[in-house]
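**Student:** Below is one structure. I have some questions about it.
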Number of protein chains: 4
Amino acid sequence: MDTRKRRVCFPLTSRAYYGRTQLLIQKLHNHPGIDLQLMLGGSILLDKYSRHIADDIERSGFAISTSYFNVIEGGNHVAMAKTACLTALEFTNGFHSIAPDLVVVCGDRFEQLAIAMSAAYLNKTIAHIEGGDVTGSIDESVRHAITKLAHIHFVTNADAHRRVLAMGEDPNYVFNTGSLDLELAAMVRTALTTEQINSYGVGHEVDITKPFLTVIQHPVTTETDNRAHLESTLQAIVDLDMPTIWFWPNPDAGTGEMAERIRHLREHDPVKTAKMRFITNVPVEEFIALLRVTSCLVGNSSAGIKECSYLGTPVVDVGARQQGRLRGEHVVNVPYDTGAIADAIKAQLRHGRFEPSALYYKADASQAIVDVLAGVELYTQKRFCDPPVPVPLG
Amino acid sequence: MDTRKRRVCFPLTSRAYYGRTQLLIQKLHNHPGIDLQLMLGGSILLDKYSRHIADDIERSGFAISTSYFNVIEGGNHVAMAKTACLTALEFTNGFHSIAPDLVVVCGDRFEQLAIAMSAAYLNKTIAHIEGGDVTGSIDESVRHAITKLAHIHFVTNADAHRRVLAMGEDPNYVFNTGSLDLELAAMVRTALTTEQINSYGVGHEVDITKPFLTVIQHPVTTETDNRAHLESTLQAIVDLDMPTIWFWPNPDAGTGEMAERIRHLREHDPVKTAKMRFITNVPVEEFIALLRVTSCLVGNSSAGIKECSYLGTPVVDVGARQQGRLRGEHVVNVPYDTGAIADAIKAQLRHGRFEPSALYYKADASQAIVDVLAGVELYTQKRFCDPPVPVPLG
Amino acid sequence: MDTRKRRVCFPLTSRAYYGRTQLLIQKLHNHPGIDLQLMLGGSILLDKYSRHIADDIERSGFAISTSYFNVIEGGNHVAMAKTACLTALEFTNGFHSIAPDLVVVCGDRFEQLAIAMSAAYLNKTIAHIEGGDVTGSIDESVRHAITKLAHIHFVTNADAHRRVLAMGEDPNYVFNTGSLDLELAAMVRTALTTEQINSYGVGHEVDITKPFLTVIQHPVTTETDNRAHLESTLQAIVDLDMPTIWFWPNPDAGTGEMAERIRHLREHDPVKTAKMRFITNVPVEEFIALLRVTSCLVGNSSAGIKECSYLGTPVVDVGARQQGRLRGEHVVNVPYDTGAIADAIKAQLRHGRFEPSALYYKADASQAIVDVLAGVELYTQKRFCDPPVPVPLG
Amino acid sequence: MDTRKRRVCFPLTSRAYYGRTQLLIQKLHNHPGIDLQLMLGGSILLDKYSRHIADDIERSGFAISTSYFNVIEGGNHVAMAKTACLTALEFTNGFHSIAPDLVVVCGDRFEQLAIAMSAAYLNKTIAHIEGGDVTGSIDESVRHAITKLAHIHFVTNADAHRRVLAMGEDPNYVFNTGSLDLELAAMVRTALTTEQINSYGVGHEVDITKPFLTVIQHPVTTETDNRAHLESTLQAIVDLDMPTIWFWPNPDAGTGEMAERIRHLREHDPVKTAKMRFITNVPVEEFIALLRVTSCLVGNSSAGIKECSYLGTPVVDVGARQQGRLRGEHVVNVPYDTGAIADAIKAQLRHGRFEPSALYYKADASQAIVDVLAGVELYTQKRFCDPPVPVPLG
């Protein structure tokens, strides 16, 4: 019998992944049968998106096997594609060096597919967290392609479960554990103060004891008019004239033009931004606490679909990025239209908070994942499993 | 209305793909509404695998937009993974430069997934030829991951069709056109002479007017004992003491050790190889003609499953590489066991040729593909389509 | 006799190179015996440093063979080194594709050495502009290493000439043509208005009809305390309380921390920056016009040593970046010390403008270079030429 | 005072470098003040050139920090250039990871310049072994460019010493220690048997107790007719009809066509190769022992110039690869001409062995290098040192 510890490699390539997986990472780190190795690359190493995250990780005592700087500048599709390729090339070296038994891939970011490809070619067993969902953007393709490279699947909801099986994955290796984000959201008891949130970012102070909006609008990489789409939201917020906390978009193809538009507005039209605060990011606990008190979340963040379902926060979901995703009553989807966005926000403000939903929530998601990763029999040769006759999807 | 020609880019990365797709390439080249651009990379540029192929292509008058040398030496999984990454990085530049509307990806080789990933990240519409099959090796994962990145699917048989739909692809964009290989096989009227075939490769002359075996055994990249697996076949062939034409394995992780074993045997044990001829490759027409006259094809080539189904050539399929693939009566599958391989070959020799099968054959496969590529409405944003309640798979 | 046009490839990787070489590029473009191909990569493609430069180039009618996005984010040495490697890898493909007879490499930026290496390995004849100077930073190593890879040398002054010969270069291929920057500076007749200059950048308006300072301080990549070094200058400028136009540092290892320091000061200490305007860049003609009217140039830009020698502009050169460079009377060098910097600026303000110097100036530098590039016999095999007994260097 | 061990990184990229530097590596490994890290890449990891070398290194107890597969197939200039770039990119990660104080670069292979560039950009102190020589091929450019990036120089002869100073290097950091190859050659007491040497390679047995030739002819990467140049030598050897041990060429641009020519001759013209044995490589001790007994070394290996000077072995140096190198009486240089080569070999056979020369030899070269590496004060900012008025070079 092999009593060697199971070597689990966790590639971390964005601040967001670290935020949502930290309970899991902590439990993997503590597990007596697991030797956890973090591998860092992508935007998590870059100051402007992730100040101090890498340092935080190091301070937590987690083993970082290596860090690869591999984000190619440009903010366009070419830079995004080449970043993915370079990431995979470098992570191949990393995997070769530390020889993990298991590689844990997360979500649907473009570089995670590249990493999964590399791990598959090295005959590593791949575990994938958050497969099976349906959304817009390139994420939709990335997520399912990862599913077809992965051997162990942790999905967050029943719809995703059925889809992963439909795609031919082995039912013995697909686990609906609920969402790590929501496990974390449920645990966070942080009470956020106005002083605290205003210590981040630039712009004007927002009093969070009074009604305020939160905006998170990322580029949709399969669309070509991200700047115009941002404009619709920007105009709606300006028209509403409410205190607003605005998060800069994630680094993706299209981010540059969006960030520039915001920067230009700040610099040249101080009146319009007189009630806005612009924040790059906040620690995940404070982010949850913020969602808990904001009057309405506007934009296209998955937090609107997931965290807010559990928190009961009203959400105006703009455009196609989250299209098709299982969603609760708290979400209203609107097109890229200033009037429609403004009207939807007003309606949500009138409604106020919603009842919490358990669409994406199960208790102890992280423990369930750790148990599988530590104990399941590993395999590498995949084989298409004929899907069962399905119950029609919701 | 846009009357611009549709720009179709065809990445060619291996000799085999060029062989089987040449009818299609010719028709794309001739189509008045299509501007065809070939992009070369991978092993097709390397003398030892593809002597003269690149020159042939150039002579054919096809436009080669660029050629990228990107095969990393090593013959192991690390080299294979990094080759894929470097290929994708360079093809990203190529796609950026020629701005195709459509990228046509073929089959299930590791670098084709990397290329598909790059094309997807550049928001290109991707067409995939030969998706939906089930096999062993890493090909199984690669093939289905490409399906989840591709927008237009050309499958070769009914089983594959059902699987691609099960995986959530849009039924309006999945076409069962039959196999390009078989369309070509059906057209080839070349009569191969003993002199002709012996002008290729090294070793002893094989008289193809008398019974002889043909062996093609590639590495299975998800297995670690390719050398031992080769040994079983090698020993069976030595025991049978029949004239044999042996094709060198494809360049993949594991090829090095296999090729070295064969080289060593030739150099050090001339008696055992006294009836063998070793060939790197022959033009596809002569390859078909060879399959038509060989007494039995041994190994794990897909030609055994596909071309031989149409040609009625007896096949002994060794090991797991083709496992799960739809197959005709002409194929016997055996494990990596010298006795089992030898017995199966003897049984197939006793049986002789089989009736042709149309499992993978439809007339005019290439024309059907061209018609779709030229006329179908292109899209880029994918969306999971709930699969219909399936007829159970064969 | 070969009457084919000579194919000259000009890799452009930074805004600065394009600025100073545009007379040369125009003349190469117009020459009947030369087929000029520009190849773009590095920071010249990135909005934040080079907005519109690539577009300008395209509008000028110059042929751009290709553009490579290859700047790796990080702003540290690792990112800088990997950017150089990726640049060279991609330019290798570009050179392979366009097959130039001559590659023209400029100056001493880190990516230019990588490009020269690639060109040398492809057996291209390499021409180098601005070799032989002595400075600090990694530029010192880069510049001389390029010299040892290049076949044709265009130096800007007598000292550089002697050094290039001392290093073993063939005297028949070393040409002192004077500086392209100064040829341009001498031609520029643009009169800059206060309105014009204040249309660039952010911050407060600077009235350029009254005394004002200009600051350009780049990181020194071989030093580890760029932020502290910036601080000395920043403090000196704050103390002097004069209108100041401050240019953001070039993208190099160390830029990030410097830029952040400036950004932080602007955001959090508006009083201290109340007389400052921050500019990313201006067209080269307006830059020259600005140097012509500024009371003093402060920092470590080579423009202080070169352009200002011809323009007679007082310069306070801070730190080691330009150490060892041939310099005129108009330059005072000071250490990274707030007091010393402030005192030197005051002294230069008292002195006022200097007499123009011809240390780096010869008429028609660009025509001299074009004549050589068009007519000189090309060779590729280098051979160390024993240097003549030297006249001692200045 | 810093009592930390000095971290010395030794990148090994070819079998040849490991052979000649093993005394040095052993002494660095044993030194109490040095923490030695080997970093492997390039052809040393590839079976066909370096079987077992990597294993040998590991068995020797040396710490291998990492191994990078980065040789790009093609055997042409593009593949060579891209191999260098990929090597540098990956070694950048390696250097970043192990943070050496000193990087030791050897000789003049193309990938060593790329590695030196990467180390320089990371502000590492670079030591260079075997600078200052003059030869042909791209090696000439590579060697001197490395000199201009390196901080500490170990040259093997007085001419090289003077050249390195002429190029502006600091006289306090240039050390003439003699050649490591010759130190090793002087120590080797291995007596080679006929049986031993014939256990390597393929072809016919060569009786080394009787007269025999040894041929080593590498491609010259700055020439385009390596195959024709090989042909001249091949024909001369065929004409002489003497037992001959032929070493396959090193992996470089041009190797493919040369190796193929030899392979073709073996396969198709067994009569002409009836007295030839073809060997990929032998351990360095046996190589020295072989040079000691061969009647004449033919080709363009540096071993002809260096090792053979000390051993007194007659050498026929063919073509331009070693042109300009300081050489003893034992070497005759001839052009690529069958008659001239054959005549020179006959003349050398008539002459027989030469007196040993100390042109390249000093006792204890490796110890001298270790002493400097362990004790010299390290610096990173280079500065051109005006060369002294030189004694004219030999």
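Ligands are numbered from 1 in the order shown, chains are lettered A, B, ... in the order of the structure tokens, and residues start at 1 in each chain.
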Give the residues of chain B that lie within 8 Å of chain A; count only C-alpha atoms, and format the answer as an MDAnalysis selection string.

**Tutor:** chainID B and resid 77:78 80:82 85:86 88:89 92:93 96 110 114 117:118 120:123 134:138 140:142 144:149 163 166:168 222 380:384 386:387 389:390 393

**Student:** Mind checking which residues fall within 6 Å of region 210-212 of chain C, counting only C-alpha atoms, ignoring those fewer than 2 positions away in the same chain, and posting them as a list in words?

**Tutor:**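 Once the adjacent positions are removed, what remains is Asp207, Ile208, Pro243, Thr244, Thr294 and Ser295 of chain C.
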
**Student:** Filtering to C-alpha atoms, could you give me those residues as an mmCIF file, in the first residue's frame?

**Tutor:**
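Dumped everything to out.cif:
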```
data_model
loop_
_atom_site.group_PDB
_atom_site.id
_atom_site.type_symbol
_atom_site.label_atom_id
_atom_site.label_comp_id
_atom_site.auth_asym_id
_atom_site.auth_seq_id
_atom_site.Cartn_x
_atom_site.Cartn_y
_atom_site.Cartn_z
ATOM 1 C CA ASP C 207 2.721 78.506 -18.407
ATOM 2 C CA ILE C 208 5.734 77.886 -20.621
ATOM 3 C CA PRO C 243 6.057 75.113 -12.344
ATOM 4 C CA THR C 244 7.227 71.728 -13.569
ATOM 5 C CA THR C 294 12.500 74.939 -20.469
ATOM 6 C CA SER C 295 14.657 76.675 -17.886
#
```

**Student:** Identify, on the basis of only C-alpha atoms, every residue whose closest approach to Glu329 (chain D) does not exceed 9 Å; exclude the query and any residue fewer than 3 positions from it along the same chain; express the result as a ChimeraX atom specification.

**Tutor:** /D:309,314,332,354-355,357

**Student:** Could you turn the residues from that selection into a file that holds N, CA and C atoms, as a PDB file, in the first residue's frame?

**Tutor:**
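Wrote it out as out-v4.pdb, contents follow:
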```pdb
ATOM      1  N   SER D 309      46.939  20.064 -29.119  1.00  0.00           N
ATOM      2  CA  SER D 309      48.197  20.812 -28.955  1.00  0.00           C
ATOM      3  C   SER D 309      48.982  20.219 -27.795  1.00  0.00           C
ATOM      4  N   PRO D 314      48.609  14.867 -34.506  1.00  0.00           N
ATOM      5  CA  PRO D 314      48.501  15.603 -35.775  1.00  0.00           C
ATOM      6  C   PRO D 314      47.047  15.919 -36.111  1.00  0.00           C
ATOM      7  N   VAL D 332      47.413  21.574 -39.418  1.00  0.00           N
ATOM      8  CA  VAL D 332      47.453  22.080 -40.791  1.00  0.00           C
ATOM      9  C   VAL D 332      46.033  22.470 -41.167  1.00  0.00           C
ATOM     10  N   PHE D 354      53.499  15.095 -32.680  1.00  0.00           N
ATOM     11  CA  PHE D 354      54.276  16.320 -32.448  1.00  0.00           C
ATOM     12  C   PHE D 354      54.685  16.416 -30.977  1.00  0.00           C
ATOM     13  N   GLU D 355      55.606  17.353 -30.746  1.00  0.00           N
ATOM     14  CA  GLU D 355      55.941  17.679 -29.357  1.00  0.00           C
ATOM     15  C   GLU D 355      54.746  18.352 -28.678  1.00  0.00           C
ATOM     16  N   SER D 357      52.603  21.012 -26.645  1.00  0.00           N
ATOM     17  CA  SER D 357      52.745  22.460 -26.531  1.00  0.00           C
ATOM     18  C   SER D 357      51.947  22.958 -25.317  1.00  0.00           C
TER      19      SER D 357
END
```

**Student:** Any chance you could list, as JSON, numbers by chain, the residues in region 228-349 of chain C that come up strand (DSSP E or B) when DSSP is run on the backbone?

**Tutor:** {"C": [244, 245, 246, 247, 276, 277, 278, 279, 296, 297, 298, 299, 315, 316, 317, 318, 331, 332, 333, 334]}

**Student:** Take the residues from that selection and write them out as a short mmCIF file (atom, residue, chain, number, x, y, z; two decimals), in the first residue's frame, keeping C-alpha atoms.

**Tutor:**
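New file result.cif:
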```cif
data_model
loop_
_atom_site.label_atom_id
_atom_site.label_comp_id
_atom_site.auth_asym_id
_atom_site.auth_seq_id
_atom_site.Cartn_x
_atom_site.Cartn_y
_atom_site.Cartn_z
CA THR C 244 7.23 71.73 -13.57
CA ILE C 245 6.44 69.40 -16.43
CA TRP C 246 7.11 65.87 -15.32
CA PHE C 247 7.37 62.97 -17.77
CA MET C 276 3.12 70.06 -11.62
CA ARG C 277 1.81 68.62 -14.85
CA PHE C 278 2.38 64.91 -15.58
CA ILE C 279 2.77 63.86 -19.18
CA CYS C 296 16.34 73.45 -16.85
CA LEU C 297 16.02 69.74 -17.59
CA VAL C 298 16.32 67.57 -14.49
CA GLY C 299 16.71 63.79 -14.26
CA VAL C 315 20.72 70.20 -17.43
CA VAL C 316 20.94 68.69 -13.97
CA ASP C 317 21.84 65.04 -14.54
CA VAL C 318 20.95 62.96 -11.49
CA VAL C 331 25.39 69.41 -17.81
CA VAL C 332 25.94 69.27 -14.06
CA ASN C 333 25.92 65.80 -12.56
CA VAL C 334 24.69 65.37 -8.99
#
```

**Student:** List the spatial neighbours of Lys5 (chain B) as a list in words - criterion: any atom at most 12 Å away, only C-alpha atoms, same-chain residues fewer than 4 positions off excluded.

**Tutor:**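 Near Lys5 (chain B), the qualifying residues are Met1, Leu28, His29, His31, Pro32, Gly33, Ile34, Asp35, Leu36, Pro100, Asp101, Leu102, Leu373, Ala374 and Gly375 of chain B.
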
**Student:** List as a VMD selection string the protein and nucleic acid residues near Ser14 (chain C), meaning an atom at most 7 Å away when only C-alpha atoms are counted, but skip any in the same chain fewer than 6 places from it.

**Tutor:** chain C and resid 42 to 44

**Student:** Restricting the output to N, CA and C atoms, write the selected residues as a PDB file, in the first residue's frame.

**Tutor:**
```
ATOM      1  N   GLY C  42       7.122  45.038 -28.485  1.00  0.00           N
ATOM      2  CA  GLY C  42       7.467  45.741 -27.262  1.00  0.00           C
ATOM      3  C   GLY C  42       6.502  46.864 -26.943  1.00  0.00           C
ATOM      4  N   SER C  43       6.998  47.868 -26.241  1.00  0.00           N
ATOM      5  CA  SER C  43       6.108  48.864 -25.656  1.00  0.00           C
ATOM      6  C   SER C  43       5.503  49.796 -26.687  1.00  0.00           C
ATOM      7  N   ILE C  44       6.039  49.797 -27.899  1.00  0.00           N
ATOM      8  CA  ILE C  44       5.473  50.714 -28.898  1.00  0.00           C
ATOM      9  C   ILE C  44       4.032  50.359 -29.240  1.00  0.00           C
TER      10      ILE C  44
END
```

**Student:** Could you pull out the helix (DSSP H, G or I) residues of region 89-303 of chain A, going by DSSP on the backbone, and write them as a ChimeraX atom specification?

**Tutor:** /A:89-98,110-121,139-149,158-166,171-173,180-187,194-197,226-240,255-268,284-293,302-303

**Student:** Taking 6 positions as the minimum chain separation for residues in the same chain, which residues sit within 8 Å of Lys275 (chain C) when counting only C-alpha atoms? Answer as a list in words.

**Tutor:**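 What passes the distance filter is His204, Glu205, Val206, Asp241, Met242, Pro243 and Thr244 of chain C.
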
**Student:** One decimal, Å: what's the distance from CA of Asn157 (chain C) over to CA of Gly131 (chain C), could you say?

**Tutor:**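 Between CA of Asn157 (chain C) and CA of Gly131 (chain C) the gap is 9.6 Å.
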
**Student:** Give me the residues near region 263-274 of chain A as an MDAnalysis selection string, where near means some atom within 8 Å (using only C-alpha atoms) and where sequence neighbours in that chain fewer than 6 positions away do not count.

**Tutor:** (chainID A and resid 203:204 238) or (chainID C and resid 202)

**Student:** One decimal, Å: what's the distance from CA of Pro283 (chain C) over to CA of Ala365 (chain C), could you say?

**Tutor:** 20.5 Å

**Student:** Just to confirm, what's the straight-line distance from CA of Ile341 (chain B) to CA of Ile262 (chain B) in Å (one decimal)?

**Tutor:**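 Distance reported for this atom pair: 18.0 Å.
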